[in-house]
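Visitor: Data file structure_3.txt (compact mmCIF, C-alpha atoms) is appended below.
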```txt
# COMPACT_ATOMS: atom_id res chain seq x y z
CA MET A 1433 -5.92 -8.20 -61.66
CA GLN A 1434 -4.74 -11.11 -59.51
CA HIS A 1435 -1.57 -9.18 -58.65
CA LYS A 1436 -3.64 -6.17 -57.61
CA ASN A 1437 -5.85 -8.30 -55.34
CA ASN A 1438 -2.75 -9.76 -53.70
CA LYS A 1439 -1.60 -6.24 -52.84
CA VAL A 1440 -4.91 -5.58 -51.12
CA LEU A 1441 -5.11 -8.90 -49.30
CA LEU A 1442 -1.51 -9.04 -48.10
CA PRO A 1443 -1.80 -6.22 -45.48
CA ILE A 1444 -5.07 -7.70 -44.22
CA VAL A 1445 -3.56 -11.17 -43.82
CA LEU A 1446 -0.49 -9.75 -42.08
CA SER A 1447 -2.66 -7.69 -39.71
CA LEU A 1448 -4.79 -10.70 -38.81
CA GLY A 1449 -1.66 -12.75 -38.25
CA LEU A 1450 -0.22 -10.12 -35.92
CA MET A 1451 -3.49 -9.89 -33.98
CA LEU A 1452 -3.70 -13.67 -33.55
CA SER A 1453 -0.07 -13.78 -32.50
CA ALA A 1454 -0.62 -11.06 -29.91
CA CYS A 1455 -3.68 -12.82 -28.52
CA ALA A 1456 -1.74 -16.04 -28.26
CA THR A 1457 0.95 -14.35 -26.15
CA LEU A 1458 -1.40 -12.55 -23.76
CA PRO A 1459 -1.13 -13.89 -20.19
CA GLU A 1460 -4.08 -15.86 -18.93
CA THR A 1461 -6.35 -14.08 -16.51
CA ASP A 1462 -5.59 -15.05 -12.92
CA PRO A 1463 -8.81 -16.70 -11.63
CA ASN A 1464 -7.96 -15.36 -8.16
CA ASP A 1465 -7.59 -11.83 -9.52
CA PRO A 1466 -10.38 -11.15 -12.06
CA TRP A 1467 -10.71 -7.53 -10.88
CA VAL A 1468 -7.11 -6.64 -11.67
CA GLY A 1469 -8.09 -3.35 -13.35
CA TRP A 1470 -9.95 -2.10 -10.28
CA ASN A 1471 -7.32 -3.51 -7.95
CA ARG A 1472 -4.38 -1.80 -9.63
CA GLY A 1473 -6.32 1.47 -9.69
CA ALA A 1474 -7.19 1.15 -6.00
CA GLN A 1475 -3.57 0.37 -5.13
CA SER A 1476 -2.38 3.40 -7.11
CA PHE A 1477 -4.90 5.53 -5.21
CA ASN A 1478 -3.76 4.09 -1.88
CA GLU A 1479 -0.11 4.67 -2.70
CA GLY A 1480 -0.88 8.24 -3.71
CA VAL A 1481 -2.68 8.89 -0.41
CA ASP A 1482 0.18 7.24 1.42
CA PHE A 1483 2.90 9.20 -0.40
CA TYR A 1484 1.30 12.63 -0.05
CA ALA A 1485 -0.42 12.26 3.34
CA MET A 1486 -0.02 9.17 5.50
CA LYS A 1487 3.71 8.61 5.18
CA PRO A 1488 4.74 12.26 5.85
CA ILE A 1489 2.36 12.43 8.82
CA ALA A 1490 3.66 9.12 10.16
CA GLN A 1491 7.26 10.29 9.78
CA GLY A 1492 6.44 13.48 11.67
CA TYR A 1493 4.67 11.48 14.35
CA ASP A 1494 7.64 9.13 14.62
CA TRP A 1495 10.06 12.07 14.91
CA LEU A 1496 7.96 14.11 17.33
CA MET A 1497 6.70 11.48 19.76
CA PRO A 1498 9.04 10.02 22.41
CA ASN A 1499 9.45 6.28 22.08
CA PHE A 1500 7.66 5.53 25.35
CA VAL A 1501 4.64 7.59 24.28
CA ARG A 1502 4.48 5.86 20.90
CA GLN A 1503 4.74 2.48 22.58
CA ALA A 1504 1.95 3.38 24.99
CA VAL A 1505 -0.31 4.40 22.10
CA SER A 1506 0.44 1.16 20.23
CA ASN A 1507 -0.21 -0.83 23.41
CA PHE A 1508 -3.56 0.91 23.93
CA PHE A 1509 -4.89 0.03 20.48
CA SER A 1510 -3.39 -3.45 20.62
CA ASN A 1511 -5.22 -4.07 23.89
CA LEU A 1512 -8.56 -3.07 22.37
CA ASP A 1513 -7.87 -5.36 19.41
CA ASP A 1514 -7.39 -8.24 21.86
CA ILE A 1515 -11.17 -8.31 22.37
CA SER A 1516 -11.56 -9.45 18.77
CA VAL A 1517 -8.58 -11.78 19.21
CA PHE A 1518 -9.95 -13.80 22.14
CA ILE A 1519 -13.45 -13.97 20.62
CA ASN A 1520 -12.13 -15.21 17.27
CA ALA A 1521 -9.79 -17.67 18.99
CA ALA A 1522 -12.82 -19.17 20.77
CA LEU A 1523 -14.81 -19.29 17.52
CA GLN A 1524 -11.91 -21.17 15.93
CA GLY A 1525 -11.91 -23.74 18.72
CA LYS A 1526 -8.68 -22.49 20.30
CA PHE A 1527 -10.20 -22.41 23.76
CA GLU A 1528 -6.97 -22.56 25.75
CA GLN A 1529 -5.48 -19.71 23.73
CA SER A 1530 -8.72 -17.75 24.01
CA GLY A 1531 -8.54 -18.06 27.79
CA LEU A 1532 -4.96 -16.79 27.81
CA ASP A 1533 -5.88 -13.93 25.46
CA THR A 1534 -8.78 -13.00 27.75
CA ALA A 1535 -6.46 -13.00 30.74
CA ARG A 1536 -4.02 -10.83 28.81
CA PHE A 1537 -6.76 -8.31 28.01
CA LEU A 1538 -7.95 -8.16 31.63
CA VAL A 1539 -4.41 -7.79 33.01
CA ASN A 1540 -3.47 -5.07 30.55
CA SER A 1541 -6.77 -3.23 31.05
CA THR A 1542 -6.27 -3.11 34.84
CA LEU A 1543 -2.63 -3.39 35.87
CA GLY A 1544 -1.61 -1.96 32.50
CA VAL A 1545 -3.59 1.27 33.07
CA GLY A 1546 -6.16 0.81 30.33
CA GLY A 1547 -3.72 -1.01 28.07
CA LEU A 1548 -1.02 1.67 28.00
CA LEU A 1549 1.43 -0.82 29.52
CA ASP A 1550 1.89 -4.34 28.18
CA VAL A 1551 1.91 -6.15 31.51
CA GLY A 1552 0.59 -9.31 29.85
CA THR A 1553 3.80 -9.93 27.95
CA MET A 1554 5.78 -9.49 31.18
CA LEU A 1555 3.59 -12.23 32.69
CA ALA A 1556 4.22 -14.62 29.78
CA LEU A 1557 0.85 -13.91 28.14
CA PRO A 1558 1.99 -13.34 24.54
CA LYS A 1559 0.18 -11.31 21.91
CA HIS A 1560 -1.78 -13.35 19.34
CA ARG A 1561 -3.41 -12.20 16.13
CA GLU A 1562 -6.74 -13.68 15.15
CA ASP A 1563 -9.42 -12.10 12.95
CA PHE A 1564 -12.86 -13.00 11.66
CA ASP A 1565 -11.61 -13.46 8.09
CA GLN A 1566 -9.35 -16.17 9.49
CA THR A 1567 -12.27 -17.62 11.46
CA LEU A 1568 -14.41 -17.85 8.32
CA GLY A 1569 -11.54 -19.51 6.49
CA ILE A 1570 -11.16 -22.12 9.23
CA TRP A 1571 -14.92 -22.73 9.00
CA GLY A 1572 -14.45 -23.50 5.31
CA VAL A 1573 -15.78 -20.28 3.77
CA ALA A 1574 -14.03 -19.50 0.49
CA SER A 1575 -12.15 -16.22 0.32
CA GLY A 1576 -13.29 -15.19 -3.14
CA PRO A 1577 -11.07 -13.21 -5.52
CA TYR A 1578 -8.34 -10.77 -4.57
CA LEU A 1579 -9.73 -7.32 -3.82
CA VAL A 1580 -7.87 -4.11 -3.04
CA LEU A 1581 -9.91 -1.76 -0.86
CA PRO A 1582 -9.39 2.01 -1.00
CA LEU A 1583 -7.43 3.07 2.11
CA PHE A 1584 -7.52 -0.46 3.60
CA GLY A 1585 -5.38 -2.27 1.05
CA PRO A 1586 -5.31 -5.98 0.12
CA SER A 1587 -8.39 -8.02 1.00
CA SER A 1588 -11.09 -10.29 -0.45
CA PRO A 1589 -14.89 -10.50 -0.26
CA ARG A 1590 -14.50 -12.72 2.80
CA GLY A 1591 -11.98 -10.24 4.16
CA VAL A 1592 -14.51 -7.41 3.85
CA VAL A 1593 -16.94 -9.34 6.04
CA GLY A 1594 -14.10 -9.97 8.47
CA LEU A 1595 -13.23 -6.27 8.64
CA ILE A 1596 -16.85 -5.34 9.39
CA VAL A 1597 -17.23 -7.94 12.14
CA ASP A 1598 -13.87 -7.12 13.75
CA ALA A 1599 -14.75 -3.42 13.68
CA GLY A 1600 -18.00 -4.28 15.41
CA LEU A 1601 -16.05 -6.00 18.19
CA ASN A 1602 -13.92 -2.92 18.83
CA PRO A 1603 -15.25 -0.62 21.60
CA ILE A 1604 -14.16 2.47 19.65
CA SER A 1605 -16.95 1.73 17.17
CA TYR A 1606 -19.51 2.35 19.92
CA MET A 1607 -17.99 5.49 21.35
CA GLY A 1608 -21.14 7.47 20.57
CA PHE A 1609 -23.29 5.18 22.73
CA TYR A 1610 -21.16 6.00 25.75
CA CYS A 1611 -21.78 9.73 25.37
CA PRO A 1612 -25.51 9.98 24.54
CA GLY A 1613 -25.78 13.48 25.95
CA SER A 1614 -22.85 14.78 23.90
CA PRO A 1615 -23.03 13.20 20.44
CA TRP A 1616 -20.66 15.74 18.88
CA VAL A 1617 -18.04 15.11 21.55
CA ALA A 1618 -18.47 11.37 21.04
CA THR A 1619 -18.04 11.78 17.28
CA ASP A 1620 -14.90 13.85 17.74
CA ILE A 1621 -13.43 11.21 20.06
CA PHE A 1622 -14.34 8.43 17.63
CA VAL A 1623 -12.75 10.22 14.67
CA GLY A 1624 -9.73 11.29 16.69
CA LEU A 1625 -9.02 7.78 17.94
CA GLY A 1626 -9.50 6.36 14.44
CA VAL A 1627 -7.05 8.84 12.93
CA LEU A 1628 -4.53 8.28 15.73
CA LYS A 1629 -4.73 4.51 15.24
CA ALA A 1630 -4.16 4.88 11.49
CA ILE A 1631 -1.15 7.15 12.04
CA ASP A 1632 0.32 4.88 14.70
CA SER A 1633 -0.17 1.82 12.48
CA ARG A 1634 1.52 3.55 9.54
CA ALA A 1635 4.41 4.72 11.72
CA ASN A 1636 4.97 1.13 12.83
CA LYS A 1637 5.41 0.14 9.17
CA LEU A 1638 8.02 2.74 8.25
CA ALA A 1639 10.66 0.04 8.64
CA PHE A 1640 9.13 -1.81 5.67
CA GLU A 1641 10.27 0.79 3.15
CA GLN A 1642 13.77 -0.55 2.55
CA VAL A 1643 12.60 -4.16 2.43
CA LEU A 1644 9.93 -3.32 -0.15
CA SER A 1645 12.34 -1.35 -2.32
CA GLU A 1646 14.73 -4.31 -2.34
CA ALA A 1647 12.16 -7.06 -2.83
CA ALA A 1648 9.37 -5.69 -5.01
CA LEU A 1649 9.90 -5.26 -8.74
CA ASP A 1650 6.13 -5.18 -9.24
CA ARG A 1651 4.60 -3.81 -6.04
CA TYR A 1652 1.12 -4.97 -7.05
CA GLU A 1653 2.19 -8.60 -7.49
CA PHE A 1654 4.28 -8.39 -4.33
CA PHE A 1655 1.36 -7.27 -2.17
CA LYS A 1656 -1.03 -9.75 -3.77
CA ASN A 1657 1.32 -12.71 -3.25
CA ALA A 1658 2.12 -11.55 0.28
CA TYR A 1659 -1.57 -11.27 1.12
CA TRP A 1660 -2.42 -14.78 -0.08
CA ALA A 1661 0.66 -16.24 1.61
CA GLN A 1662 -0.27 -14.61 4.90
CA ARG A 1663 -3.88 -15.79 4.69
CA ARG A 1664 -2.80 -19.36 3.91
CA TYR A 1665 -0.43 -19.32 6.85
CA LYS A 1666 -3.00 -17.96 9.31
CA ILE A 1667 -5.70 -20.42 8.23
CA SER A 1668 -3.76 -23.60 7.47
CA GLY A 1669 -0.51 -23.02 9.33
CA ILE A 1670 1.54 -23.59 6.16
CA LEU A 1671 4.55 -21.30 6.21
CA PRO A 1672 4.78 -19.01 3.18
CA PRO A 1673 7.65 -20.05 0.92
CA GLU A 1674 8.48 -16.53 -0.24
CA GLU A 1675 11.63 -15.34 1.49
CA HIS A 1676 10.55 -11.70 1.39
CA ILE A 1677 7.41 -12.52 3.38
CA LEU A 1678 9.53 -13.93 6.17
CA LYS A 1679 11.80 -10.89 5.98
CA LEU A 1680 8.83 -8.60 6.53
CA GLU A 1681 7.74 -10.61 9.55
CA GLU A 1682 11.26 -10.50 10.97
CA LYS A 1683 11.70 -6.82 10.18
CA SER A 1684 8.48 -5.68 11.80
CA GLY A 1685 8.50 -7.99 14.80
CA LYS A 1686 4.71 -7.53 14.88
CA GLY A 1687 3.41 -9.79 12.16
CA LEU A 1688 2.34 -8.59 8.74
CA GLY A 1689 -1.05 -7.24 9.75
CA PRO A 1690 -2.58 -5.69 6.63
CA VAL A 1691 -0.05 -6.61 3.97
CA SER A 1692 0.75 -3.14 2.71
CA PRO A 1693 2.62 -0.12 3.97
CA TYR A 1694 -0.57 1.96 4.10
```
Can the structure in the file be given as C-alpha cells, please?

Guide:
Amino acid sequence: MQHKNNKVLLPIVLSLGLMLSACATLPETDPNDPWVGWNRGAQSFNEGVDFYAMKPIAQGYDWLMPNFVRQAVSNFFSNLDDISVFINAALQGKFEQSGLDTARFLVNSTLGVGGLLDVGTMLALPKHREDFDQTLGIWGVASGPYLVLPLFGPSSPRGVVGLIVDAGLNPISYMGFYCPGSPWVATDIFVGLGVLKAIDSRANKLAFEQVLSEAALDRYEFFKNAYWAQRRYKISGILPPEEHILKLEEKSGKGLGPVSPY
C-alpha cells in the first residue's frame, strides 16, 4: 500500500518542484514597465501600421519629392514647432535660449517665407528641442511608468500630458478657428497638414533602419531603453551611456525626437 501511495505522490511532488523552480527563474517585473503586456501589443500594432502603411508611403514620398521641396516641408513644420520650443525654454528658466528661439521663429516666419527657409540657422540661431514633458521633468514631476501609445510610440503618463500641451501650442491645432465660415475646408487643411507632417517625419527617419537592424536584438527593449536614456539626457543633461543611442543621434543629425521609427 505504501508503495502504491508513493507512485501517486511522486508525480505530484515532481510537478510542484518544477512549478516552484520555474517561478524562481522568472524575471522580476520591471517597476518602470508594469504595463509590458499592453506596451508590447501597442508596439506590435505600431510596427504593423508602419510596415504596411507609413514606411511604404514615406519611401514613395522620399523618392518622389525633390530634396529642396522635402527640406522646405521639414523647415515649415520645424518652424511651427519652435513656438512650443521657446515657450518651454522660458518655462524651464532658459530665458536667454528662449529669446534666441523666439528670434529664430520670427526670422524664419518672415525672411524665411513662413518657415520654408531656415534663415535662422544661417544667422547663427540654432534649432533647439524643448517639450512640455521635459518641462514637467525639470519641475520635478515624476514620469510614471513606461507607456507605448498607439501610433505615437514610446511615452509615459507625464509624456501624454506633454503631448497634449505641445499640441495645444501648435497653430495647426486651431486651424478651424481661422476658417469659421468654411469648417469643412478648415478640417481638410488640418487633416492634410497632420498627415503631411507624419509622412515627412517618417521619411526623415528612414536612415534609422540599418542602425536598428544592427543594434536591436529585442526591438521592444531597445526602444524602451532609448526612450528613458533620451528623457534623462533632456532633463538632467546626463549623456546616455548606450553607444547605439549616440549612433542614432549622429545618424539622424536631428536628435532622436520620438524614439521609434514610426

Visitor: Pick out the closest residue to Gly1600 in chain A from this set: A:His1560, A:Leu1512, A:Ala1630, A:Ala1490. Count all atoms listed in the file.

Guide: A:Leu1512

Visitor: What's around Leu1595 in chain A at 8 Å? Count all atoms listed in the file, leave out sequence neighbours fewer than 4 positions away in its own chain, and write the answer as an NGL selection string.

Guide: :A and (1564-1565 or 1591 or 1599)

Visitor: Kindly list the centre and edge lengths in Å, rounded to one decimal, for the axis-aligned box that covers all listed atoms of range 1495-1500 of chain A plus 4 Å on each of its six sides, as JSON.

Guide:
```
{"center_x": 8.4, "center_y": 9.8, "center_z": 20.1, "size_x": 11.4, "size_y": 16.6, "size_z": 18.4}
```

Visitor: So, counting all atoms listed in the file, which residue among A:Trp1660, A:Ile1667, A:Pro1488, A:Lys1526 is closest to Leu1579 in chain A?

Guide: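 Using all atoms listed in the file, the shortest distance to Leu1579 in chain A belongs to A:Trp1660.
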
Visitor: Could you please determine the separation between CA of Tyr1659 in chain A and CA of Ser1587 in chain A in Å, to one decimal place?

Guide: 7.6 Å

Visitor: Rounded to one decimal, what separation in Å do you get between CA of Gln1524 in chain A and CA of Ile1570 in chain A?

Guide: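 According to the coordinates, CA of Gln1524 in chain A and CA of Ile1570 in chain A are separated by 6.8 Å.
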
Visitor: Of the candidates A:Ile1604, A:Leu1568, A:Val1592, A:Val1597, which shows the shortest atom-to-atom distance to Leu1523 in chain A, using all atoms listed in the file?

Guide: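 Closest residue, counting all atoms listed in the file: A:Leu1568.
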
Visitor: Using all atoms listed in the file, find all polymer residues with an atom at most 8 Å away from the point (-8.5, -10.3, 19.2); report them as a ChimeraX atom specification.

Guide: /A:1512-1521,1533,1560-1563

Visitor: Just the selected residues (C-alpha atoms), exported as a short mmCIF file (atom, residue, chain, number, x, y, z; two decimals), keeping the file's coordinate frame, please.

Guide:
```cif
data_model
loop_
_atom_site.label_atom_id
_atom_site.label_comp_id
_atom_site.auth_asym_id
_atom_site.auth_seq_id
_atom_site.Cartn_x
_atom_site.Cartn_y
_atom_site.Cartn_z
CA LEU A 1512 -8.56 -3.07 22.37
CA ASP A 1513 -7.87 -5.36 19.41
CA ASP A 1514 -7.39 -8.24 21.86
CA ILE A 1515 -11.17 -8.31 22.37
CA SER A 1516 -11.56 -9.45 18.77
CA VAL A 1517 -8.58 -11.78 19.21
CA PHE A 1518 -9.95 -13.80 22.14
CA ILE A 1519 -13.45 -13.97 20.62
CA ASN A 1520 -12.13 -15.21 17.27
CA ALA A 1521 -9.79 -17.67 18.99
CA ASP A 1533 -5.88 -13.93 25.46
CA HIS A 1560 -1.78 -13.35 19.34
CA ARG A 1561 -3.41 -12.20 16.13
CA GLU A 1562 -6.74 -13.68 15.15
CA ASP A 1563 -9.42 -12.10 12.95
#
```

Visitor: Around the point (-9.3, 2.3, 2.0), in the coordinates given by the file, pick out the residues reaching within 10 Å, counting only C-alpha atoms, and return them as a ChimeraX atom specification.

Guide: /A:1474-1475,1477-1478,1481,1580-1586,1694

Visitor: Take CA of Gly1669 in chain A and CA of Gly1594 in chain A and report the distance between them in Å, one decimal.

Guide: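 Result for CA of Gly1669 in chain A versus CA of Gly1594 in chain A: 18.9 Å, one decimal.
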